[in-house]
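K.L.:
Input file: structure15.txt. Contents: compact mmCIF, C-alpha atoms and all ligand atoms.
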# COMPACT_ATOMS: atom_id res chain seq x y z
CA MET H 218 55.98 44.38 -46.64
CA ASN H 219 53.49 46.57 -44.87
CA ARG H 220 55.51 49.55 -43.59
CA ARG H 221 53.72 49.44 -40.28
CA THR H 222 54.62 45.89 -39.46
CA ILE H 223 57.83 43.99 -39.02
CA ARG H 224 58.36 40.49 -40.26
CA ALA H 225 59.95 38.13 -37.80
CA ALA H 226 60.54 34.47 -38.56
CA SER H 227 59.73 32.22 -35.64
CA HIS H 228 61.53 28.95 -34.92
CA THR H 229 58.73 27.12 -36.71
CA GLY H 230 59.61 29.01 -39.88
CA GLU H 231 56.36 30.88 -40.19
CA ASP H 232 56.50 34.64 -40.64
CA ARG H 233 54.54 36.80 -38.25
CA GLN H 234 53.65 40.42 -38.67
CA ILE H 235 54.34 42.52 -35.65
CA ASP H 236 53.81 46.19 -35.05
CA PRO H 237 57.33 47.61 -34.65
CA LEU H 238 56.22 50.26 -32.18
CA GLN H 239 54.66 47.63 -29.94
CA LEU H 240 57.69 45.41 -30.23
CA HIS H 241 60.05 48.24 -29.41
CA LYS H 242 57.95 49.15 -26.41
CA ALA H 243 57.92 45.56 -25.18
CA PHE H 244 61.73 45.39 -25.31
CA ALA H 245 61.98 48.77 -23.60
CA ILE H 246 59.77 47.54 -20.75
CA ALA H 247 61.65 44.26 -20.33
CA THR H 248 65.01 46.06 -20.24
CA ARG H 249 63.81 49.06 -18.20
CA GLY H 250 64.47 51.47 -21.02
CA PHE H 251 67.50 49.58 -22.37
CA SER H 252 69.35 49.91 -19.08
CA THR H 253 72.88 48.63 -19.12
CA TYR H 254 75.40 48.23 -16.35
CA SER H 255 78.19 50.73 -16.23
CA LEU H 256 80.86 48.10 -15.72
CA HIS H 257 79.42 45.86 -18.41
CA PRO H 258 77.74 48.05 -21.00
CA ASP H 259 76.93 45.02 -23.15
CA ASP H 260 74.62 43.60 -20.48
CA PHE H 261 70.96 44.51 -20.26
CA VAL H 262 68.43 44.28 -17.52
CA CYS H 263 65.78 41.63 -18.01
CA ASP H 264 62.84 42.27 -15.79
CA ASP H 265 59.50 40.52 -15.46
CA THR H 266 57.03 39.48 -12.82
CA ILE H 267 55.40 36.21 -13.64
CA LYS H 268 52.19 34.65 -12.37
CA GLY H 269 52.14 34.21 -8.64
CA GLY H 270 54.11 37.42 -8.12
CA ARG H 271 57.51 35.81 -8.62
CA THR H 272 59.92 38.37 -9.98
CA VAL H 273 62.38 37.03 -12.48
CA ASN H 274 65.05 39.49 -13.38
CA GLY H 275 68.72 39.80 -13.81
CA ARG H 276 71.01 40.49 -16.68
CA THR H 277 71.48 39.26 -20.16
CA GLY H 278 73.78 40.11 -23.04
CA PHE H 279 74.63 38.68 -26.44
CA PHE H 280 78.27 37.92 -25.66
CA ARG H 281 78.04 38.25 -21.93
CA HIS H 282 79.73 34.92 -21.35
CA ARG H 283 81.89 34.83 -24.42
CA GLY H 284 84.65 33.11 -22.47
CA ILE H 285 82.50 30.22 -21.41
CA ALA H 286 80.89 30.02 -24.85
CA HIS H 287 84.34 29.84 -26.41
CA PHE H 288 85.55 27.09 -24.08
CA THR H 289 82.33 25.13 -24.34
CA ILE H 290 82.52 25.13 -28.12
CA GLU H 291 86.21 24.18 -28.04
CA SER H 292 85.40 21.31 -25.65
CA LEU H 293 82.62 20.09 -27.91
CA LEU H 294 84.83 20.30 -30.99
CA GLU H 295 87.33 18.13 -29.14
CA LEU H 296 84.74 15.65 -27.88
CA HIS H 297 82.87 15.45 -31.19
CA PRO H 298 85.27 16.46 -33.95
CA ASN H 299 83.22 14.94 -36.76
CA PRO H 300 79.78 13.91 -35.55
CA ASP H 301 77.32 12.14 -37.83
CA ARG H 302 74.42 13.97 -36.20
CA PRO H 303 73.95 17.52 -34.92
CA ILE H 304 75.31 18.38 -31.47
CA GLU H 305 72.28 18.87 -29.22
CA ILE H 306 72.47 21.69 -26.70
CA LEU H 307 70.01 22.68 -24.00
CA ALA H 308 70.32 26.31 -22.86
CA ALA H 309 68.20 27.62 -20.02
CA PRO H 310 67.27 30.10 -18.80
CA SER H 311 67.29 31.98 -22.08
CA SER H 312 65.68 35.25 -20.99
CA ILE H 313 65.10 37.43 -24.08
CA GLY H 314 67.30 35.21 -26.23
CA CYS H 315 70.56 37.17 -26.33
CA GLU H 316 72.88 34.59 -24.86
CA ALA H 317 71.50 31.70 -26.90
CA PHE H 318 71.94 33.70 -30.11
CA GLY H 319 75.41 34.84 -29.07
CA PHE H 320 76.43 31.23 -28.41
CA ALA H 321 74.92 30.12 -31.73
CA ALA H 322 76.78 32.87 -33.59
CA LEU H 323 80.08 31.66 -32.13
CA GLY H 324 79.13 28.05 -32.84
CA VAL H 325 78.44 28.83 -36.49
CA ARG H 326 81.66 30.79 -36.71
CA LYS H 327 83.74 27.95 -35.25
CA GLY H 328 82.03 25.20 -37.25
CA LEU H 329 80.53 23.44 -34.24
CA GLY H 330 79.26 20.00 -35.24
CA GLY H 331 81.02 20.08 -38.60
CA LYS H 332 78.72 19.26 -41.48
CA ALA H 333 76.03 17.95 -39.11
CA GLY H 334 75.93 21.29 -37.27
CA PHE H 335 74.22 21.83 -33.95
CA ASN H 336 70.85 22.66 -32.43
CA ILE H 337 70.11 24.75 -29.37
CA ASP H 338 66.87 24.25 -27.45
CA ALA H 339 66.40 27.26 -25.20
CA PHE H 340 63.71 28.20 -22.74
CA ASP H 341 62.86 30.44 -19.83
CA CYS H 342 60.10 30.56 -17.26
CA SER H 343 58.96 34.00 -18.46
CA GLU H 344 56.33 34.00 -21.21
CA ARG H 345 57.10 37.63 -22.02
CA PHE H 346 60.83 37.02 -22.41
CA THR H 347 60.13 33.97 -24.56
CA ALA H 348 57.89 35.96 -26.90
CA LEU H 349 60.62 38.58 -27.32
CA ALA H 350 63.36 35.98 -27.80
CA ARG H 351 61.34 34.33 -30.58
CA GLN H 352 61.38 37.47 -32.69
CA GLY H 353 65.06 37.07 -33.51
CA CYS H 354 65.37 40.81 -33.92
CA TYR H 355 66.38 43.48 -31.43
CA PRO H 356 66.11 47.25 -31.06
CA ILE H 357 69.30 49.01 -32.18
CA GLU H 358 69.68 50.39 -28.66
CA MET H 359 70.60 46.87 -27.60
CA VAL H 360 73.56 46.58 -29.94
CA ARG H 361 74.90 50.11 -29.67
CA ASN H 362 77.95 49.00 -27.66
CA MET H 363 78.66 45.89 -29.68
CA GLU H 364 81.97 45.79 -31.52
CA GLU H 365 81.82 45.52 -35.30
CA SER H 366 83.46 42.11 -35.36
CA TRP H 367 80.84 40.65 -33.00
CA ARG H 368 78.06 42.34 -34.92
CA GLY H 369 79.29 40.73 -38.09
CA ILE H 370 78.90 37.17 -36.85
CA LEU H 371 75.55 37.77 -35.13
CA LEU H 372 73.53 40.28 -37.11
CA ASP H 373 72.42 41.20 -40.58
CA PRO H 374 73.99 44.51 -41.57
CA ASP H 375 70.68 46.20 -42.37
CA ILE H 376 68.64 48.23 -39.94
CA VAL H 377 64.97 47.46 -40.40
CA HIS H 378 62.15 49.86 -39.68
CA ASP H 379 64.69 52.43 -38.51
CA ARG H 380 65.07 50.77 -35.15
CA PHE H 381 65.71 47.00 -35.34
CA VAL H 382 68.47 44.61 -36.30
CA ASN H 383 67.86 41.00 -37.30
CA VAL H 384 69.84 38.04 -36.06
CA ARG H 385 71.40 36.39 -39.13
CA ARG H 386 69.25 33.62 -40.51
CA ALA H 387 72.12 31.11 -40.29
CA VAL H 388 72.34 31.83 -36.56
CA LYS H 389 68.62 32.09 -35.89
CA SER H 390 67.95 28.74 -37.50
CA ARG H 391 70.14 27.01 -34.89
CA VAL H 392 68.04 28.14 -31.94
CA ARG H 393 64.58 26.93 -31.01
CA PHE H 394 62.81 28.68 -28.15
CA LEU H 395 60.61 26.15 -26.41
CA ASP H 396 57.45 27.20 -24.62
CA HIS H 397 58.08 28.93 -21.34
CA MET H 398 58.38 26.69 -18.30
CA PHE H 399 60.27 26.30 -15.09
CA PHE H 400 63.50 24.41 -15.55
CA GLN H 401 62.63 22.04 -12.75
CA ASP H 402 59.47 21.01 -14.68
CA PHE H 403 61.27 20.35 -17.94
CA SER H 404 60.96 16.89 -19.42
CA PRO H 405 63.56 16.26 -22.16
CA GLN H 406 62.24 14.90 -25.43
CA LYS H 407 65.70 13.95 -26.66
CA LYS H 408 69.19 13.28 -25.43
CA TYR H 409 71.36 16.36 -25.14
CA ASP H 410 75.14 16.51 -25.44
CA VAL H 411 75.47 19.54 -23.24
CA VAL H 412 73.31 21.43 -20.79
CA MET H 413 74.08 25.09 -20.14
CA VAL H 414 72.27 26.35 -17.08
CA ASN H 415 74.50 29.36 -16.52
CA ASN H 416 73.43 30.98 -13.27
CA LEU H 417 69.98 29.37 -13.04
CA LEU H 418 70.83 27.60 -9.79
CA MET H 419 71.00 30.91 -7.98
CA TYR H 420 67.31 31.42 -8.60
CA LEU H 421 66.17 28.15 -7.06
CA ASN H 422 65.41 27.09 -3.52
CA ASP H 423 66.66 23.78 -2.11
CA ASP H 424 63.78 21.66 -3.40
CA GLU H 425 63.80 23.28 -6.81
CA ARG H 426 67.54 22.81 -7.09
CA GLU H 427 67.28 19.14 -6.24
CA GLN H 428 64.54 18.76 -8.85
CA ALA H 429 66.64 20.72 -11.38
CA MET H 430 69.52 18.29 -10.86
CA LYS H 431 67.20 15.40 -11.67
CA VAL H 432 66.22 17.20 -14.88
CA ILE H 433 69.88 17.72 -15.75
CA VAL H 434 70.60 14.03 -15.20
CA SER H 435 67.60 13.04 -17.34
CA THR H 436 69.00 14.94 -20.34
CA GLY H 437 71.85 12.43 -20.55
CA ALA H 438 74.29 15.26 -21.19
CA GLU H 439 77.99 14.64 -20.79
CA LEU H 440 78.81 18.27 -20.21
CA LEU H 441 77.11 20.57 -17.77
CA ILE H 442 77.91 24.24 -17.94
CA VAL H 443 77.31 26.34 -14.87
CA ASN H 444 78.51 29.76 -14.07
CA THR H 445 78.35 31.74 -10.93
CA ASP H 446 78.16 35.42 -11.53
CA ASP H 447 80.50 36.83 -8.93
CA ARG H 448 78.94 40.26 -9.05
CA VAL H 449 75.53 38.85 -8.27
CA PHE H 450 77.04 36.41 -5.87
CA SER H 451 78.76 39.12 -3.85
CA GLU H 452 75.38 40.64 -3.09
CA MET H 453 74.12 37.39 -1.66
CA PRO H 454 74.84 35.65 1.61
CA PRO H 455 78.02 33.56 1.49
CA SER H 456 76.06 30.48 2.51
CA LEU H 457 74.24 30.45 -0.82
CA PRO H 458 73.41 26.76 -1.13
CA TYR H 459 74.92 25.42 -4.31
CA ILE H 460 74.96 21.80 -5.33
CA HIS H 461 77.40 19.71 -3.36
CA VAL H 462 79.28 18.31 -6.28
CA LYS H 463 81.26 15.91 -4.11
CA GLU H 464 78.12 14.25 -2.85
CA HIS H 465 76.08 14.30 -5.99
CA PRO H 466 75.62 10.83 -7.54
CA VAL H 467 76.24 12.04 -11.08
CA TRP H 468 79.18 14.31 -10.54
CA ALA H 469 80.81 12.82 -7.43
CA ASP H 470 83.25 10.66 -9.38
CA THR H 471 84.44 13.39 -11.71
CA PRO H 472 87.55 15.49 -11.21
CA LEU H 473 85.28 18.46 -10.89
CA ALA H 474 84.01 17.19 -7.58
CA GLU H 475 87.25 18.54 -6.19
CA SER H 476 86.91 22.00 -7.61
CA ALA H 477 86.15 24.96 -5.41
CA PHE H 478 82.77 25.67 -6.87
CA LEU H 479 81.90 28.64 -4.77
CA HIS H 480 85.07 30.53 -5.51
CA THR H 481 85.26 30.54 -9.27
CA ASP H 482 83.29 32.19 -11.99
CA TYR H 483 82.76 29.44 -14.51
CA HIS H 484 82.51 25.71 -14.53
CA ILE H 485 82.30 23.12 -17.17
CA TRP H 486 81.57 19.84 -15.55
CA ALA H 487 82.51 16.82 -17.55
CA ARG H 488 80.36 13.84 -16.75
CA ASN H 489 82.37 11.58 -18.96
CA LYS H 490 85.64 10.89 -17.19
CA ALA H 491 87.44 10.58 -20.49
CA ALA H 492 86.44 14.10 -21.40
CA PRO H 493 88.99 16.78 -20.70
CA GLU H 494 88.28 18.92 -17.71
CA GLN H 495 87.88 22.53 -18.69
CA HIS H 496 88.04 25.13 -16.10
CA ILE H 497 88.15 28.78 -16.95
C1 LIG P 501 69.91 36.68 -15.11
S1 LIG P 501 68.77 35.95 -16.23
C2 LIG P 501 69.90 34.81 -16.90
C3 LIG P 501 70.19 35.15 -18.27
C4 LIG P 501 70.23 33.97 -19.17
N1 LIG P 501 71.30 33.05 -18.84
C5 LIG P 501 70.28 34.37 -20.62
O1 LIG P 501 70.50 33.52 -21.45
O2 LIG P 501 70.08 35.51 -20.94
C6 LIG P 501 67.77 34.98 -15.23
C7 LIG P 501 66.68 34.29 -16.02
O3 LIG P 501 66.26 33.15 -15.30
C8 LIG P 501 64.90 32.96 -15.54
N2 LIG P 501 64.47 32.02 -14.51
C9 LIG P 501 64.44 32.21 -13.19
N3 LIG P 501 64.02 31.10 -12.54
C10 LIG P 501 63.81 30.16 -13.51
C11 LIG P 501 63.39 28.80 -13.50
N4 LIG P 501 63.12 28.17 -12.36
N5 LIG P 501 63.27 28.15 -14.66
C12 LIG P 501 63.54 28.77 -15.83
N6 LIG P 501 63.94 30.06 -15.91
C13 LIG P 501 64.09 30.74 -14.76
C14 LIG P 501 64.36 34.37 -15.50
O4 LIG P 501 63.12 34.50 -16.13
C15 LIG P 501 65.46 35.14 -16.22
O5 LIG P 501 65.21 35.25 -17.59
Let me see the structure of the file written as structure tokens.
P.N.:
Amino acid sequence: MNRRTIRAASHTGEDRQIDPLQLHKAFAIATRGFSTYSLHPDDFVCDDTIKGGRTVNGRTGFFRHRGIAHFTIESLLELHPNPDRPIEILAAPSSIGCEAFGFAALGVRKGLGGKAGFNIDAFDCSERFTALARQGCYPIEMVRNMEESWRGILLDPDIVHDRFVNVRRAVKSRVRFLDHMFFQDFSPQKKYDVVMVNNLLMYLNDDEREQAMKVIVSTGAELLIVNTDDRVFSEMPPSLPYIHVKEHPVWADTPLAESAFLHTDYHIWARNKAAPEQHI
């Protein structure tokens, strides 16, 4: 391999040659110099301003929501112990790819989908984040606080070009980063078993949120994973308009309609009444 380029396999399988200095710089810009949060040193800034001047930023981290990833995978193992097809997962927004890869690493580790395995379709509205996510490799600064055991399930042991680590091929192959788009404009091309929107709803206005709910319904998913990040939430007005689960046609008849959405950190909403309610 040319010493001045780095080889990164995209989701389509083709290898692309990228200048490592440029790639490192692009990650440094997106994370404001690999800024972490003192309370959560595994979380990085993700910062971009997309067309139209809309700033899309926040935090991301490989195992940022390890609790919800764990419970989601356990729920899916229970719902689909031995599927004859891969479990299909939609994960958005995916930022620079960390969370999707972290989830996939745990999924591989826990044998999600059995022999059939699982697929994650991930996307974000930021073109820049999507390009970085598709590399499947990260500057070592981004894994400096990661415990060895987590590293082992996510990353190849080798450091490449003195400054990058690669996501393991077995993990990378589970995740496909779709072209960048707004969630509310997404049109599913297949049925999904689970939709993970994490804290996306906080970024949407009323109309966008209503549209996003239609998208969620159109995926046919039986599980919807939402989290509210309390630290972000506490900086926002208490009247932050979330979905009214009780009134929503899809979720109104589920046990989760009764849950105190605004006062908890994580939610797994089971659309299928027979599915066990999971509430972390
Ligand atoms: C705090 S990050 C969430 C991190 C994300 N859950 C992950 O996997 O890393 C917020 C992300 O939402 C994206 N975003 C904001 N509004 C969006 C929208 N309407 N559709 C899709 N992505 C959006 C931003 O670009 C940013 O990457």
K.L.:
What's the separation between atom CA of Trp367 of chain H and atom C12 of ligand LIG 501 (chain P), in Å to one decimal place?
P.N.:
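It comes out at 27.1 Å.
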K.L.:
Find the smallest box with edges along x, y and z containing every listed atom of ligand LIG 501 (chain P), then add 3 Å on each side and report centre and edge lengths in Å to one decimal, as JSON.
P.N.:
{"center_x": 67.2, "center_y": 32.4, "center_z": -16.9, "size_x": 14.2, "size_y": 14.5, "size_z": 15.1}
K.L.:
At a cut-off of 8 Å, using all atoms listed in the file, what residues contact segment 313-321 of chain H? Leave out same-chain residues fewer than 2 positions from it and give the result as a list in words.
P.N.:
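So the residues in contact are Cys263, Thr277, Gly278, Phe279, Phe280, Arg281, His282, Arg283, Ala286, Ala308, Ser311, Leu323, Gly324, Val325, Ile337, Ala339, Phe346, Thr347, Ala348, Leu349, Ala350, Arg351, Gly353, Leu371, Val384, Val388, Lys389, Arg391 and Val392 of chain H.
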K.L.:
The selected residues should be written to file as a compact mmCIF listing (two decimals), in the frame of the given file (atoms: C-alpha atoms).
P.N.:
# COMPACT_ATOMS: atom_id res chain seq x y z
CA CYS H 263 65.78 41.63 -18.01
CA THR H 277 71.48 39.26 -20.16
CA GLY H 278 73.78 40.11 -23.04
CA PHE H 279 74.63 38.68 -26.44
CA PHE H 280 78.27 37.92 -25.66
CA ARG H 281 78.04 38.25 -21.93
CA HIS H 282 79.73 34.92 -21.35
CA ARG H 283 81.89 34.83 -24.42
CA ALA H 286 80.89 30.02 -24.85
CA ALA H 308 70.32 26.31 -22.86
CA SER H 311 67.29 31.98 -22.08
CA LEU H 323 80.08 31.66 -32.13
CA GLY H 324 79.13 28.05 -32.84
CA VAL H 325 78.44 28.83 -36.49
CA ILE H 337 70.11 24.75 -29.37
CA ALA H 339 66.40 27.26 -25.20
CA PHE H 346 60.83 37.02 -22.41
CA THR H 347 60.13 33.97 -24.56
CA ALA H 348 57.89 35.96 -26.90
CA LEU H 349 60.62 38.58 -27.32
CA ALA H 350 63.36 35.98 -27.80
CA ARG H 351 61.34 34.33 -30.58
CA GLY H 353 65.06 37.07 -33.51
CA LEU H 371 75.55 37.77 -35.13
CA VAL H 384 69.84 38.04 -36.06
CA VAL H 388 72.34 31.83 -36.56
CA LYS H 389 68.62 32.09 -35.89
CA ARG H 391 70.14 27.01 -34.89
CA VAL H 392 68.04 28.14 -31.94
K.L.:
If you measure from atom CA of His287 of chain H to atom CA of Glu344 of chain H, what distance in Å do you get, rounded to one decimal?
P.N.:
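Calculated distance between atom CA of His287 of chain H and atom CA of Glu344 of chain H is 28.8 Å.
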K.L.:
Please work out which residues fall within 12 Å of (63.0, 9.4, -26.2), coordinates as given in the file, with only C-alpha atoms counting, and return them as a CSV table (one decimal) with C-alpha atoms, keeping the file's coordinate frame.
P.N.:
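File written: point.csv
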chain,number,residue,atom,x,y,z
H,404,SER,CA,61.0,16.9,-19.4
H,405,PRO,CA,63.6,16.3,-22.2
H,406,GLN,CA,62.2,14.9,-25.4
H,407,LYS,CA,65.7,14.0,-26.7
H,408,LYS,CA,69.2,13.3,-25.4
H,409,TYR,CA,71.4,16.4,-25.1
H,435,SER,CA,67.6,13.0,-17.3
H,436,THR,CA,69.0,14.9,-20.3
H,437,GLY,CA,71.8,12.4,-20.6
K.L.:
Quick check, in Å to one decimal: how far apart do atom CA of Tyr420 of chain H and atom CA of Phe244 of chain H lie?
P.N.:
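That distance, rounded to one decimal, is 22.5 Å.
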K.L.:
Between H:Asn336, H:Asn415, H:Thr289, H:Thr248, single out the one closest to ligand LIG 501 (chain P), counting only C-alpha atoms and all ligand atoms.
P.N.:
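Looking at the shortest contact to ligand LIG 501 (chain P), the residue is H:Asn415.
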K.L.:
Which is closer to ligand LIG 501 (chain P) than all the others in H:Asn274, H:Gln239, H:Asn383, H:Gln352, using only C-alpha atoms and all ligand atoms?
P.N.:
H:Asn274
K.L.:
Which one is closest to Leu329 of chain H: H:Cys342, H:Ile290, H:Leu440, H:Ala245? Count only C-alpha atoms.
P.N.:
H:Ile290
K.L.:
So which one's closest to ligand LIG 501 (chain P), H:Val262, H:Leu372, H:Leu294, H:Ala243? Using only C-alpha atoms and all ligand atoms, please.
P.N.:
H:Val262
K.L.:
Counting all atoms listed in the file, write as a ChimeraX atom specification all protein and nucleic acid residues lying at most 9 Å from (77.2, 44.1, -16.0) in the file's frame.
P.N.:
/H:253-262,276-278,281,448
K.L.:
Might you pull out every residue within 9 Å of Ile246 of chain H, with only C-alpha atoms counted and same-chain residues fewer than 5 positions away left off, and present them as JSON, numbers by chain?
P.N.:
{"H": [241, 251, 263, 264, 265]}
K.L.:
Quick one: write out the picked residues with C-alpha atoms as a CSV table (one decimal), keeping the file's coordinate frame?
P.N.:
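The resulting part-v4.csv:
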chain,number,residue,atom,x,y,z
H,241,HIS,CA,60.0,48.2,-29.4
H,251,PHE,CA,67.5,49.6,-22.4
H,263,CYS,CA,65.8,41.6,-18.0
H,264,ASP,CA,62.8,42.3,-15.8
H,265,ASP,CA,59.5,40.5,-15.5
